[in-house]
Each structure stands twice: as C-alpha cells, then as structure tokens.
file data35.cif (mmCIF, C-alpha atoms)
data_my_file
loop_
_atom_site.label_atom_id
_atom_site.label_comp_id
_atom_site.auth_asym_id
_atom_site.auth_seq_id
_atom_site.Cartn_x
_atom_site.Cartn_y
_atom_site.Cartn_z
CA MET A 1 10.36 -5.02 23.58
CA ASP A 2 13.82 -6.07 22.41
CA ASN A 3 13.85 -9.74 21.37
CA LEU A 4 10.35 -10.32 22.63
CA CYS A 5 8.68 -13.27 21.06
CA CYS A 6 5.36 -11.59 21.00
CA ARG A 7 5.20 -7.83 21.35
CA THR A 8 1.93 -6.98 19.63
CA ALA A 9 -0.77 -4.38 19.34
CA GLY A 10 -4.53 -4.49 19.45
CA PRO A 11 -7.01 -5.05 22.26
CA PRO A 12 -5.14 -6.59 25.22
CA SER A 13 -5.88 -10.29 25.54
CA VAL A 14 -3.26 -11.44 28.04
CA ARG A 15 -4.72 -10.17 31.27
CA ARG A 16 -3.55 -9.07 34.64
CA MET A 17 -0.68 -10.53 36.52
CA SER A 18 -1.76 -12.44 39.59
CA GLU A 19 1.05 -11.99 42.13
CA TRP A 20 3.82 -9.77 40.77
CA SER A 21 3.60 -6.10 41.72
CA VAL A 22 5.88 -3.08 41.43
CA PRO A 23 5.76 -0.25 43.99
CA GLY A 24 4.33 2.90 42.43
CA TYR A 25 2.88 1.15 39.35
CA ASP A 26 -0.36 -0.61 38.45
CA VAL A 27 0.79 -3.67 36.48
CA GLN A 28 -1.79 -4.41 33.80
CA GLU A 29 -0.77 -6.90 31.12
CA LEU A 30 2.07 -9.03 29.83
CA LEU A 31 3.37 -7.71 26.52
CA GLY A 32 6.00 -10.31 25.77
CA PHE A 33 9.11 -12.13 26.90
CA GLY A 34 12.60 -12.69 25.61
CA ALA A 35 16.09 -13.61 26.68
CA SER A 36 16.35 -10.49 28.86
CA GLY A 37 13.11 -11.06 30.75
CA GLU A 38 9.39 -10.35 30.68
CA VAL A 39 7.86 -7.02 29.67
CA TRP A 40 4.60 -5.75 31.13
CA ARG A 41 2.47 -2.71 30.44
CA ALA A 42 1.74 -0.62 33.54
CA ARG A 43 0.51 2.78 34.65
CA GLU A 44 2.63 5.01 36.86
CA ARG A 45 0.42 6.03 39.78
CA SER A 46 2.02 9.43 40.39
CA SER A 47 1.69 10.69 36.80
CA GLY A 48 -0.83 8.38 35.16
CA ALA A 49 1.67 7.72 32.37
CA VAL A 50 1.57 4.36 30.61
CA VAL A 51 4.98 2.66 30.66
CA ALA A 52 6.59 -0.69 29.95
CA LEU A 53 8.25 -2.64 32.76
CA ARG A 54 11.03 -5.05 31.86
CA ARG A 55 11.40 -7.58 34.66
CA LEU A 56 14.94 -8.91 35.07
CA SER A 57 14.52 -12.06 37.12
CA GLY A 58 17.58 -12.70 39.27
CA GLY A 59 19.43 -9.79 37.70
CA ASP A 60 23.09 -9.06 38.47
CA ARG A 61 23.40 -5.72 40.26
CA ASP A 62 26.57 -4.92 38.31
CA VAL A 63 24.64 -5.49 35.09
CA VAL A 64 21.87 -3.18 36.25
CA ALA A 65 24.47 -0.53 37.09
CA ALA A 66 25.87 -0.88 33.57
CA VAL A 67 22.37 -0.49 32.12
CA ARG A 68 21.90 2.72 34.11
CA ALA A 69 25.23 4.09 32.88
CA GLN A 70 24.43 3.36 29.25
CA ALA A 71 20.91 4.76 29.65
CA THR A 72 22.48 8.10 30.54
CA VAL A 73 24.24 8.11 27.16
CA VAL A 74 21.09 7.00 25.33
CA ARG A 75 19.09 9.86 26.88
CA SER A 76 21.67 12.34 25.58
CA LEU A 77 21.32 11.30 21.92
CA PRO A 78 19.43 13.91 19.86
CA THR A 79 16.93 11.53 18.25
CA ALA A 80 13.29 10.69 18.89
CA HIS A 81 13.60 7.17 17.44
CA LEU A 82 14.69 5.28 20.54
CA VAL A 83 12.79 3.54 23.34
CA ARG A 84 14.31 5.20 26.39
CA LEU A 85 14.89 3.94 29.90
CA ARG A 86 13.09 6.23 32.34
CA THR A 87 14.37 4.75 35.58
CA THR A 88 15.03 1.48 37.38
CA THR A 89 13.32 0.07 40.45
CA ARG A 90 13.02 -3.12 42.46
CA ALA A 91 10.15 -5.56 42.90
CA GLY A 92 11.01 -8.19 45.47
CA ASP A 93 14.17 -9.95 44.26
CA ASP A 94 13.81 -8.62 40.71
CA ASP A 95 15.30 -5.54 39.12
CA VAL A 96 12.83 -3.69 36.91
CA LEU A 97 13.57 -1.32 34.04
CA VAL A 98 10.91 1.34 33.45
CA LEU A 99 10.76 2.11 29.72
CA ASP A 100 8.72 4.18 27.31
CA ASP A 101 5.57 2.43 26.09
CA ALA A 102 4.96 1.98 22.36
CA PRO A 103 1.21 1.56 21.74
CA GLY A 104 1.63 0.78 18.03
CA GLY A 105 3.12 -2.67 18.68
CA SER A 106 6.19 -4.01 16.90
CA LEU A 107 7.37 -3.88 13.33
CA ALA A 108 7.37 -7.69 13.42
CA ALA A 109 3.63 -7.68 14.14
CA LEU A 110 2.99 -5.21 11.30
CA LEU A 111 5.01 -7.38 8.92
CA LEU A 112 3.02 -10.46 9.90
CA ARG A 113 -0.18 -8.61 9.05
CA ARG A 114 1.16 -7.25 5.77
CA GLY A 115 3.60 -9.88 4.49
CA ARG A 116 5.93 -7.20 3.11
CA LEU A 117 6.08 -3.39 2.97
CA ASP A 118 6.27 -0.99 0.06
CA PRO A 119 9.71 0.51 -0.72
CA GLY A 120 8.72 3.94 0.62
CA GLU A 121 7.53 2.37 3.86
CA VAL A 122 10.84 0.54 4.23
CA VAL A 123 12.62 3.88 4.05
CA THR A 124 10.28 5.27 6.72
CA ALA A 125 10.92 2.29 9.00
CA VAL A 126 14.68 1.81 8.57
CA ALA A 127 16.29 5.16 7.73
CA PRO A 128 15.48 6.84 11.11
CA LEU A 129 16.84 3.79 12.94
CA ALA A 130 20.04 3.91 10.91
CA ASP A 131 20.42 7.60 11.77
CA ALA A 132 19.80 6.90 15.48
CA LEU A 133 22.36 4.08 15.46
CA GLY A 134 24.84 6.33 13.70
CA GLN A 135 24.59 8.71 16.64
CA ALA A 136 24.87 5.83 19.10
CA HIS A 137 27.97 4.44 17.38
CA ALA A 138 29.59 7.86 17.57
CA HIS A 139 29.16 7.67 21.36
CA GLY A 140 30.52 4.15 21.68
CA LEU A 141 27.19 2.31 21.95
CA VAL A 142 26.11 -0.64 19.81
CA HIS A 143 22.80 -2.45 19.73
CA GLY A 144 23.75 -5.99 18.66
CA ARG A 145 20.24 -7.26 17.97
CA VAL A 146 18.62 -5.13 15.28
CA ARG A 147 15.59 -7.06 14.03
CA ALA A 148 11.89 -6.49 13.38
CA SER A 149 10.91 -7.49 16.93
CA SER A 150 13.22 -4.83 18.40
CA VAL A 151 11.52 -2.04 16.45
CA LEU A 152 8.41 -0.68 18.12
CA LEU A 153 5.92 1.83 16.76
CA THR A 154 4.16 4.85 18.17
CA ALA A 155 0.43 5.23 17.63
CA ASP A 156 1.06 7.17 14.42
CA GLY A 157 3.68 4.77 13.07
CA MET A 158 6.97 6.40 14.06
CA PRO A 159 9.63 3.67 14.50
CA LEU A 160 11.44 3.35 17.83
CA LEU A 161 14.49 1.16 18.29
CA ASP A 162 14.22 -0.81 21.51
CA GLY A 163 17.14 -2.32 23.38
CA LEU A 164 19.87 0.27 22.81
CA GLY A 165 21.95 0.38 25.98
CA LEU A 166 20.92 -3.15 26.98
CA ALA A 167 23.72 -5.02 25.23
CA CYS A 168 25.19 -5.93 28.61
CA LEU A 169 22.16 -8.17 29.21
CA HIS A 170 23.25 -10.51 26.42
CA ASP A 171 26.24 -12.70 25.65
CA ALA A 172 29.07 -10.54 24.34
CA ASP A 173 29.90 -12.98 21.52
CA ASP A 174 26.30 -13.52 20.41
CA THR A 175 25.79 -11.81 17.05
CA LEU A 176 23.23 -11.92 14.25
CA ASP A 177 25.88 -11.06 11.66
CA PRO A 178 26.62 -14.28 9.71
CA THR A 179 30.25 -13.24 9.35
CA GLY A 180 30.58 -13.30 13.14
CA GLY A 181 31.19 -9.57 13.22
CA LEU A 182 30.49 -7.48 16.30
CA GLY A 183 30.09 -3.79 16.95
CA ALA A 184 28.87 -1.07 14.60
CA ALA A 185 29.34 -3.13 11.42
CA ALA A 186 27.10 -5.87 12.83
CA ASP A 187 24.41 -3.26 13.54
CA VAL A 188 24.64 -2.11 9.92
CA TRP A 189 24.20 -5.71 8.77
CA GLY A 190 21.16 -5.96 11.05
CA LEU A 191 19.67 -2.84 9.45
CA GLY A 192 20.27 -4.31 6.00
CA ALA A 193 18.70 -7.63 7.03
CA LEU A 194 15.70 -5.75 8.43
CA ALA A 195 15.24 -3.80 5.19
CA HIS A 196 15.56 -7.04 3.18
CA LEU A 197 12.90 -8.71 5.35
CA LEU A 198 10.52 -5.77 5.03
CA LEU A 199 10.94 -5.59 1.23
CA THR A 200 10.62 -9.31 0.54
CA GLY A 201 9.06 -10.99 3.56
CA GLU A 202 12.16 -13.20 3.73
CA GLU A 203 15.45 -13.18 5.60
CA PRO A 204 18.59 -12.57 3.49
CA GLY A 205 19.70 -15.71 1.67
CA THR A 206 21.24 -16.79 -1.60
CA THR A 207 18.56 -15.26 -3.84
CA ILE A 208 19.40 -11.85 -5.28
CA LEU A 209 17.39 -9.07 -3.63
CA ALA A 210 16.34 -7.53 -6.95
CA THR A 211 14.76 -10.86 -7.89
CA LEU A 212 12.76 -11.03 -4.67
CA ALA A 213 11.72 -7.37 -4.80
CA PRO A 214 11.44 -6.52 -8.53
CA ARG A 215 9.48 -3.30 -7.84
CA ALA A 216 12.05 -1.85 -5.46
CA PRO A 217 14.04 1.08 -6.92
CA LEU A 218 17.57 0.06 -7.88
CA PRO A 219 19.23 2.64 -5.57
CA LEU A 220 17.29 1.16 -2.64
CA VAL A 221 18.36 -2.38 -3.58
CA ARG A 222 22.00 -1.27 -3.80
CA ALA A 223 21.84 0.47 -0.42
CA VAL A 224 20.47 -2.66 1.25
CA GLU A 225 22.98 -4.94 -0.49
CA ALA A 226 25.85 -2.69 0.63
CA ALA A 227 24.71 -3.03 4.25
CA LEU A 228 24.63 -6.82 3.85
CA GLY A 229 28.15 -7.02 2.43
CA PHE A 230 30.15 -10.00 3.64
CA ASP A 231 33.20 -7.86 4.43
CA PRO A 232 32.29 -5.83 7.55
CA THR A 233 34.97 -3.23 6.78
CA ALA A 234 33.38 -2.51 3.38
CA ARG A 235 29.90 -1.83 4.72
CA PRO A 236 28.67 1.76 4.99
CA THR A 237 28.40 3.39 8.37
CA ALA A 238 24.92 3.55 9.87
CA ALA A 239 24.79 7.28 9.16
CA ASP A 240 25.79 6.75 5.52
CA LEU A 241 23.18 3.99 5.19
CA ALA A 242 20.51 6.36 6.47
CA ALA A 243 21.50 8.94 3.86
CA SER A 244 21.50 6.32 1.08
CA LEU A 245 18.05 5.06 2.01
CA LEU A 246 16.57 8.55 2.12
CA ALA A 247 18.08 9.37 -1.27
CA ALA A 248 16.99 6.09 -2.84
CA CYS A 249 13.23 6.39 -2.53
CA PRO A 250 10.63 8.85 -1.20
CA ALA A 251 9.45 7.88 2.28
CA GLN A 252 5.81 6.88 2.76
CA PRO A 253 3.72 6.49 5.94
CA LEU A 254 3.34 2.99 7.31
CA ARG A 255 -0.03 1.41 6.51
CA GLY A 256 -2.00 -1.15 8.48
CA LEU A 257 -1.24 0.16 11.97
CA ILE A 258 -3.29 -1.19 14.86
CA THR A 259 -3.08 0.79 18.08
CA ALA A 260 -3.41 -1.01 21.38
CA ALA A 261 -6.50 -0.27 23.38
CA GLU A 262 -6.03 2.11 26.29
CA PRO A 263 -5.27 -0.01 29.36
CA PRO A 264 -7.65 0.27 32.31
CA PRO A 265 -6.82 2.81 35.02
CA ALA A 266 -6.23 0.41 37.88
CA ARG A 267 -4.73 -2.98 38.46
CA VAL A 268 -7.25 -5.78 38.88
CA SER A 269 -6.24 -9.08 40.43
CA ALA A 270 -6.63 -12.06 38.17
CA PRO A 271 -9.27 -14.58 39.21
CA ARG A 272 -8.00 -17.94 40.41
CA LEU A 273 -8.14 -20.53 37.68
CA GLY A 274 -9.82 -23.84 38.24
CA ARG A 275 -7.69 -26.95 37.96
CA ARG A 276 -9.16 -27.80 34.58
CA ARG A 277 -7.94 -24.48 33.14
CA ALA A 278 -4.52 -24.48 34.81
CA LEU A 279 -2.59 -25.64 31.76
CA THR A 280 1.15 -25.18 31.56
CA VAL A 281 1.77 -22.63 28.88
CA VAL A 282 4.38 -20.03 28.42
CA ALA A 283 3.42 -18.50 25.23
CA VAL A 284 2.90 -14.85 25.82
CA PRO A 285 0.88 -12.27 24.03
CA LEU A 286 1.17 -14.31 20.97
CA ALA A 287 -1.09 -12.44 18.72
CA VAL A 288 2.18 -12.48 16.85
CA VAL A 289 4.00 -15.73 17.49
CA VAL A 290 1.05 -18.04 17.82
CA VAL A 291 -1.45 -16.54 15.44
CA MET A 292 1.34 -15.89 13.02
CA GLY A 293 1.97 -19.61 12.82
CA ALA A 294 -1.50 -19.95 11.31
CA GLY A 295 -4.40 -21.41 13.14
CA TRP A 296 -4.34 -25.10 13.52
CA ALA A 297 -6.85 -26.91 15.64
CA TRP A 298 -9.45 -28.60 13.78
CA GLY A 299 -13.16 -28.81 13.69
CA ALA A 300 -15.15 -31.87 12.76
CA HIS A 301 -16.21 -30.60 9.35
CA PRO A 302 -15.66 -33.00 6.44
CA PRO A 303 -12.63 -32.22 4.28
CA GLU A 304 -13.22 -30.11 1.20
CA ARG A 305 -13.02 -31.79 -2.17
CA PRO A 306 -9.49 -32.09 -3.60
CA ALA A 307 -8.28 -29.50 -6.09
CA ARG A 308 -6.75 -30.24 -9.44
CA VAL A 309 -3.02 -29.97 -9.99
CA ALA A 310 -2.21 -26.64 -11.59
CA GLY A 311 -2.22 -27.07 -15.37
CA ALA A 312 -3.67 -30.59 -15.32
CA SER A 313 -6.90 -31.57 -17.05
CA SER A 314 -7.27 -35.10 -15.74
CA SER A 315 -9.02 -36.31 -12.60
CA PRO A 316 -8.50 -34.58 -9.26
CA VAL A 317 -5.38 -35.41 -7.27
CA PRO A 318 -6.21 -37.55 -4.22
CA ALA A 319 -5.70 -35.39 -1.17
CA PRO A 320 -5.21 -36.31 2.47
CA ASP A 321 -7.50 -35.05 5.16
CA TRP A 322 -5.96 -31.60 5.46
CA ARG A 323 -7.49 -31.05 8.88
CA SER A 324 -5.69 -34.12 10.12
CA VAL A 325 -2.45 -32.83 8.61
CA LEU A 326 -2.89 -29.45 10.30
CA ARG A 327 -3.90 -31.09 13.55
CA GLY A 328 -0.63 -33.00 13.60
CA LEU A 329 1.42 -29.89 12.82
CA ASP A 330 -0.41 -27.83 15.43
CA GLY A 331 0.06 -30.58 18.00
CA ALA A 332 3.82 -30.75 17.40
CA ARG A 333 4.05 -26.97 17.67
CA ALA A 334 2.00 -26.89 20.88
CA ASP A 335 4.27 -29.59 22.29
CA ALA A 336 7.34 -27.48 21.49
CA PHE A 337 5.94 -24.60 23.54
CA ALA A 338 4.62 -26.82 26.33
CA ARG A 339 8.05 -28.46 26.81
CA ALA A 340 10.20 -25.52 25.60
CA ASP A 341 11.71 -28.04 23.20
CA ILE A 342 13.07 -26.36 20.07
CA SER A 343 13.72 -29.69 18.33
CA ARG A 344 9.98 -30.35 17.96
CA LEU A 345 9.68 -27.42 15.56
CA ALA A 346 11.46 -29.48 12.89
CA ASP A 347 8.24 -31.52 12.80
CA VAL A 348 6.25 -28.37 12.03
CA TYR A 349 8.14 -26.19 9.53
CA ALA A 350 10.02 -26.59 6.29
CA PRO A 351 13.73 -25.76 6.92
CA ALA A 352 13.57 -22.57 4.83
CA SER A 353 10.38 -21.25 6.43
CA ALA A 354 10.77 -17.79 7.97
CA LEU A 355 8.30 -18.86 10.64
CA LEU A 356 10.71 -21.52 11.89
CA ALA A 357 13.22 -18.89 13.01
CA VAL A 358 10.50 -16.88 14.76
CA ASP A 359 9.20 -19.85 16.73
CA GLN A 360 12.74 -20.96 17.54
CA ARG A 361 13.41 -17.56 19.13
CA ALA A 362 10.15 -17.81 21.07
CA VAL A 363 10.89 -21.30 22.42
CA ARG A 364 14.45 -20.30 23.31
CA GLY A 365 13.05 -17.34 25.21
CA LEU A 366 10.79 -19.66 27.15
CA SER A 367 13.64 -22.00 27.94
CA ARG A 368 15.86 -19.18 29.20
CA LEU A 369 13.08 -17.93 31.45
CA ARG A 370 12.41 -21.48 32.67
CA ARG A 371 8.79 -21.25 31.57
CA THR A 372 6.52 -23.34 29.40
CA ALA A 373 3.42 -22.67 27.34
CA VAL A 374 0.52 -25.09 27.19
CA GLY A 375 -2.69 -24.77 25.26
CA VAL A 376 -1.18 -22.88 22.31
CA GLU A 377 -3.68 -24.35 19.89
CA HIS A 378 -6.21 -23.20 17.31
CA GLU A 379 -9.69 -24.06 16.18
CA VAL A 380 -10.39 -24.20 12.47
CA ARG A 381 -13.77 -22.74 11.52
CA SER A 382 -13.43 -23.59 7.84
CA LEU A 383 -10.79 -24.85 5.43
CA THR A 384 -10.64 -24.56 1.66
CA LEU A 385 -8.09 -26.18 -0.63
CA VAL A 386 -7.01 -23.39 -2.97
CA ARG A 387 -4.16 -24.86 -5.01
CA VAL A 388 -2.33 -28.15 -5.43
CA GLU A 389 1.07 -28.39 -7.08
CA ALA A 390 3.63 -31.17 -7.34
CA ASP A 391 5.04 -30.80 -3.85
CA ARG A 392 2.98 -28.13 -2.13
CA VAL A 393 -0.56 -27.04 -1.44
CA GLU A 394 -2.19 -23.77 -0.44
CA LEU A 395 -5.05 -23.79 2.05
CA ARG A 396 -7.40 -20.97 3.02
CA VAL A 397 -8.02 -21.42 6.75
CA VAL A 398 -10.42 -19.49 8.96
CA GLU A 399 -9.29 -20.13 12.52
CA SER A 400 -9.16 -18.73 16.01
CA LEU A 401 -6.61 -19.04 18.79
CA ALA A 402 -7.83 -20.99 21.81
CA SER A 403 -7.26 -19.76 25.35
CA TYR A 404 -3.88 -20.60 26.84
CA HIS A 405 -1.91 -19.87 29.99
CA VAL A 406 1.58 -18.81 30.98
CA LEU A 407 3.16 -20.71 33.87
CA ASP A 408 6.31 -20.36 35.91
CA PRO A 409 8.54 -23.34 36.84
CA ALA A 410 6.39 -24.06 39.90
CA GLY A 411 3.27 -24.38 37.75
CA ARG A 412 1.79 -21.06 38.85
CA VAL A 413 -0.25 -19.18 36.25
CA VAL A 414 1.28 -15.75 35.63
CA ALA A 415 -0.97 -14.79 32.72
CA GLN A 416 -3.87 -16.08 30.70
CA HIS A 417 -4.86 -15.47 27.13
CA ALA A 418 -8.51 -15.23 26.22
CA PRO A 419 -9.75 -16.95 23.03
CA GLY A 420 -8.88 -14.94 19.94
CA ALA A 421 -11.18 -13.70 17.20
CA ALA A 422 -11.47 -15.63 13.95
CA VAL A 423 -8.95 -14.67 11.27
CA THR A 424 -8.23 -15.97 7.78
CA HIS A 425 -4.80 -17.21 6.72
CA ALA A 426 -3.38 -18.54 3.48
CA VAL A 427 -1.26 -21.51 4.59
CA VAL A 428 1.26 -23.05 2.20
CA LEU A 429 2.35 -26.61 3.03
CA ALA A 430 5.41 -28.23 1.45
CA GLN A 431 5.76 -31.99 1.06
CA LEU A 432 9.11 -33.23 2.36
CA PRO A 433 10.38 -36.81 2.70
CA GLN A 434 9.33 -36.66 6.36
CA GLY A 435 5.81 -35.48 5.50
CA TRP A 436 3.95 -32.18 5.13
CA ARG A 437 5.50 -29.10 6.73
CA VAL A 438 4.46 -25.42 6.98
CA SER A 439 6.27 -23.29 4.41
CA LYS A 440 4.49 -19.93 4.54
CA VAL A 441 1.55 -18.28 6.29
CA ARG A 442 -0.06 -15.06 5.08
CA LEU A 443 -2.89 -13.10 6.65
CA VAL A 444 -5.81 -12.69 4.24
CA ARG A 445 -7.90 -9.57 4.55
#

call {"tool": "encode", "arguments": {"input": "data35.cif", "output": "structure tokens"}}
result
Amino acid sequence: MDNLCCRTAGPPSVRRMSEWSVPGYDVQELLGFGASGEVWRARERSSGAVVALRRLSGGDRDVVAAVRAQATVVRSLPTAHLVRLRTTTRAGDDDVLVLDDAPGGSLAALLLRRGRLDPGEVVTAVAPLADALGQAHAHGLVHGRVRASSVLLTADGMPLLDGLGLACLHDADDTLDPTGGLGAAADVWGLGALAHLLLTGEEPGTTILATLAPRAPLPLVRAVEAALGFDPTARPTAADLAASLLAACPAQPLRGLITAAEPPPARVSAPRLGRRRALTVVAVPLAVVVVMGAGWAWGAHPPERPARVAGASSSPVPAPDWRSVLRGLDGARADAFARADISRLADVYAPASALLAVDQRAVRGLSRLRRTAVGVEHEVRSLTLVRVEADRVELRVVESLASYHVLDPAGRVVAQHAPGAAVTHAVVLAQLPQGWRVSKVRLVR
C-alpha cells in the first residue's frame, strides 16, 4: 500500500502470519510494510471478500479518528481510482484499517519488470490519478506522497491511488517536493515526478526530459515539465494536468500485468521454524525490493572469460572475479537490511542509482517499525560478462532469491519468504574510487 517497500503481485511467497489475528478476518499473507505500518492480505469471514489490513502498531486514537473522518470525504469523491478505507477495527493493542485489495500489485512492481512505460501507458496510469487528486483538492484533501509505490493496480490494470486520507499518519512537514512545498502543488509535483519516472525509468534530475524520452510526444513532455516546475504557484492544478495528459497522447492499456494468485480460503498457522532457520530479517514481500536489486549470491562456477573493451581490438581487458564483486555487494546490502542501517547502502549503489532511493525507503521503513531483515540474499545460477567500458560493465545474471524471514524486535518470526524462482537480470556496475557499485538493474525477458 502507500509507501510500502514491497507491495507486489504474483503467487504469494510470504506466508501466513504466526500470531497476529484480527477478529472477523482470516489473515493470509504480508504484502508489505512502510512508515505507516504493515499491510496484510486477508479474507473477511462474513462476506468472503478479499481485503487489505493496514496494521498501525501503537497507533494514536486521535490519529485513527482523523483517518475515519477523512475516509468519509474520500468515500464521497466520484472517482473509481482510489483505494478506499472500508472500516477500522482493533486487534489487541493495534488499530487496523480495512482497505480495498488491489490484486494487480503496484505500479512500482510493474515498472521494475518493464524498466519504463510507453507514452500512452503513462497517460493511462497518471491522468486518472491527477483527476482523482483534483477532486480531492477541491474537498480540502491532499495526498503528500504520490509515487509509484502508492499506485496500486486492479487485475485489469486500472490505477488506484493508495493513501489518500492518511496524511495524518505522516510528519506534516515531510514532503517529496524538492522546493519544500506542501499541499496541492506538492501533489502535482509528485504526479509529474511519477510520469517522468514511468517515461524514462529515472527520477527527475538535471537532464532534460525530452533527451531521456526522445519518443515521447512533445505535448506530453511539456505537460510533465509544467507539473515539475520549480515555482509551485506556476504549476497546473491536478485537474488541469489530467486534461493536458489526456490531450497530449492517446491512452493505451498497461502491458505486463501479473495478477496475484487467489489467496486460500482459510487462515493456516505458520509452522514453527527451527533455530537454524530463525534468521533475523525484515524484508517483506520483496519480489520488488529485493529481487529488484538484482540477484547476488554466488555459485562456485568459474568466472566467465573477460570481454573486450567496446571499440578496442587489442587483448581482452583483465577482469576481476565478478562473482566475488557481486558477493561483496550483496553482502553489504543484506547487512543493511539485517541491521536496518541505511549507511551500508552507500557500499552497494552508485550515488545516482535509482535503486539506492528504493532501498533507502525500504530500510527506513524497517527502522521505523523496529524490525530487521536477515537472509535477504541471492544465488547466482549463471553469470555472463556482456560489455566492458572504461568505467562500467554489464553482466547478464541468472539468479534466484533465497529464503528469508521477517522478525520483530524480540526476534520472533512474523513471516517467511520461500525461495524465489530463477530470473534473469542485466546488471550494470560502475567503477568508483571506492570500488564497484550497482548502477542499474533491468529484468531480461
């Protein structure tokens, strides 16, 4: 859900919660976690409906009352593009928000599978959200955290904005807008940043959008650039942005959707884990955050022969043992999750890597929840050196995510992740003064 480090789709791999239960619901699997708490998929016993439960550990009752009040406004908005709060309940000392389920996963997960979207798909994904936010702004509501992870998808690819009405769960002065702006203008900037990311695969920076997305229609580029304007007062309203996007380019259906498997009808208690398996991990359904970081855990195969520098005709360039390089990067990343230590990620990623920001959000989420993730590692099935340039290399890596566990501060396992299937990634490493770092990771079909 909103700000989850790993809301994903596909066959559930993080299985049953061991101790937590909610009256009237069969809790089935952990979907993700973020600054506002954990989110679990569940089935309502009375209706059989599949829902999402956001667990607010130690929640303030005044905050929950504010969420209920804003949910009333959200339910009144005439749009189908919002994840809506159905009701609230209690589970022990925790407040629980009962929300609509989105079986298509998150837009962030789709982007990780695709790398970037076509212009028409960007219109499909962003324009309805801009229209929904325009209606929300007219009723005094703002979102404050518009990003790919806060956009969920229905089974047929309709975008749903998650988190509207939950702004009271976050720091009032915390904004994604680089100008420090708050309110409706900051939401518009978030929409522009989302469109930029979907078009280019990169967050907004100093490079001109038209250069990064040369095939995007000029009206679409101008609409996105207007939303990203440095002066908040000069940005279009969310409603005007929606109109500009729709006029800029014909909308196209989203491709590459993966619908989550239907959850089982009843809650099944998780088996007790032996001591050897009780690792301390807090990575959640990371088919996004972990797998996205490329698989790094290395087999004992000999390294492939070095490639030639692009354009060179002389002898091959001496190459390090790339499995050893990846093993070191994967180990530093696993340590960051196991200790919830964001500083360790500087030993993994190049500063400009988009993956750095994603993992930073994930580790921050763990830290705020006072959890840790251990065993977030990968096994490399094969590795091929594809390209060598002056200061970077591209590797083709077939890898699989190992099993890992999610623990609470007392060391209790709250979820476990089964080993993942083998996938192929193109991994680009950049050579910095400190050594090799991950620059980009792309899923290869």

call {"tool": "resolve_selection", "arguments": {"input": "data35.cif", "expression": "the PyMOL selection byres ((chain A and resi 253) around 10)", "output": "PyMOL selection string"}}
result
chain A and resi 118+120-125+156-158+251-252+254-256

call {"tool": "closest_residue", "arguments": {"input": "data35.cif", "among": "A:Asp100, A:Ser76, A:Val22, A:Leu385", "to": "Ala52 (chain A)", "atoms": "all atoms listed in the file"}}
result
A:Asp100

call {"tool": "residues_around", "arguments": {"input": "data35.cif", "residues": "region 215-231 of chain A", "least_positions_apart": "4", "cutoff": "6 Å", "atoms": "all atoms listed in the file", "output": "PyMOL selection string"}}
result
chain A and resi 119+188-189+192+235+248

call {"tool": "atom_distance", "arguments": {"input": "data35.cif", "atom1": "CA of Glu203 (chain A)", "atom2": "CA of Gly144 (chain A)"}}
result
17.1 Å

call {"tool": "axis_aligned_box", "arguments": {"input": "data35.cif", "around": "region 357-373 of chain A", "padding_each_side": "6 Å", "output": "AutoDock Vina command-line options"}}
result
--center_x 9.6 --center_y -20.1 --center_z 22.8 --size_x 24.4 --size_y 18.5 --size_z 31.7

call {"tool": "residues_around", "arguments": {"input": "data35.cif", "residues": "Gly328 (chain A)", "least_positions_apart": "5", "cutoff": "12 Å", "atoms": "only C-alpha atoms", "output": "list in words"}}
result
Trp296, Ala297, Trp298, Asp321, Trp322, Arg323, Arg333, Ala334, Asp335, Arg344, Leu345, Asp347, Val348, Tyr349, Glu377, His378, Gly435, Trp436, Arg437 and Val438 of chain A

call {"tool": "resolve_selection", "arguments": {"input": "data35.cif", "expression": "the PyMOL selection byres ((chain A and resi 99) around 7)", "output": "PyMOL selection string"}}
result
chain A and resi 51-53+83-86+97-98+100-101

call {"tool": "residues_near_point", "arguments": {"input": "data35.cif", "point": "(13.5, -18.7, 6.9)", "cutoff": "10 Å", "atoms": "all atoms listed in the file", "output": "MDAnalysis selection string"}}
result
chainID A and resid 201:205 349:358 439:440

call {"tool": "closest_residue", "arguments": {"input": "data35.cif", "among": "A:Ala108, A:Leu395, A:Asp94, A:Ala186", "to": "Ala234 (chain A)", "atoms": "all atoms listed in the file"}}
result
A:Ala186

call {"tool": "atom_distance", "arguments": {"input": "data35.cif", "atom1": "CA of Val73 (chain A)", "atom2": "CA of Leu369 (chain A)"}}
result
28.7 Å

call {"tool": "resolve_selection", "arguments": {"input": "data35.cif", "expression": "the PyMOL selection byres ((chain A and resi 82) around 10)", "output": "ChimeraX atom specification"}}
result
/A:74-75,77-81,83-85,100,128-129,132-133,151-152,159-164

call {"tool": "atom_distance", "arguments": {"input": "data35.cif", "atom1": "CA of Val388 (chain A)", "atom2": "CA of Ile208 (chain A)"}}
result
27.2 Å

call {"tool": "closest_residue", "arguments": {"input": "data35.cif", "among": "A:Leu117, A:Ala243, A:Leu257, A:Cys249", "to": "Ala195 (chain A)", "atoms": "all atoms listed in the file"}}
result
A:Leu117

call {"tool": "residues_around", "arguments": {"input": "data35.cif", "residues": "Glu394 (chain A)", "least_positions_apart": "6", "cutoff": "8 Å", "atoms": "only C-alpha atoms", "output": "ChimeraX atom specification"}}
result
/A:385-388,426-429
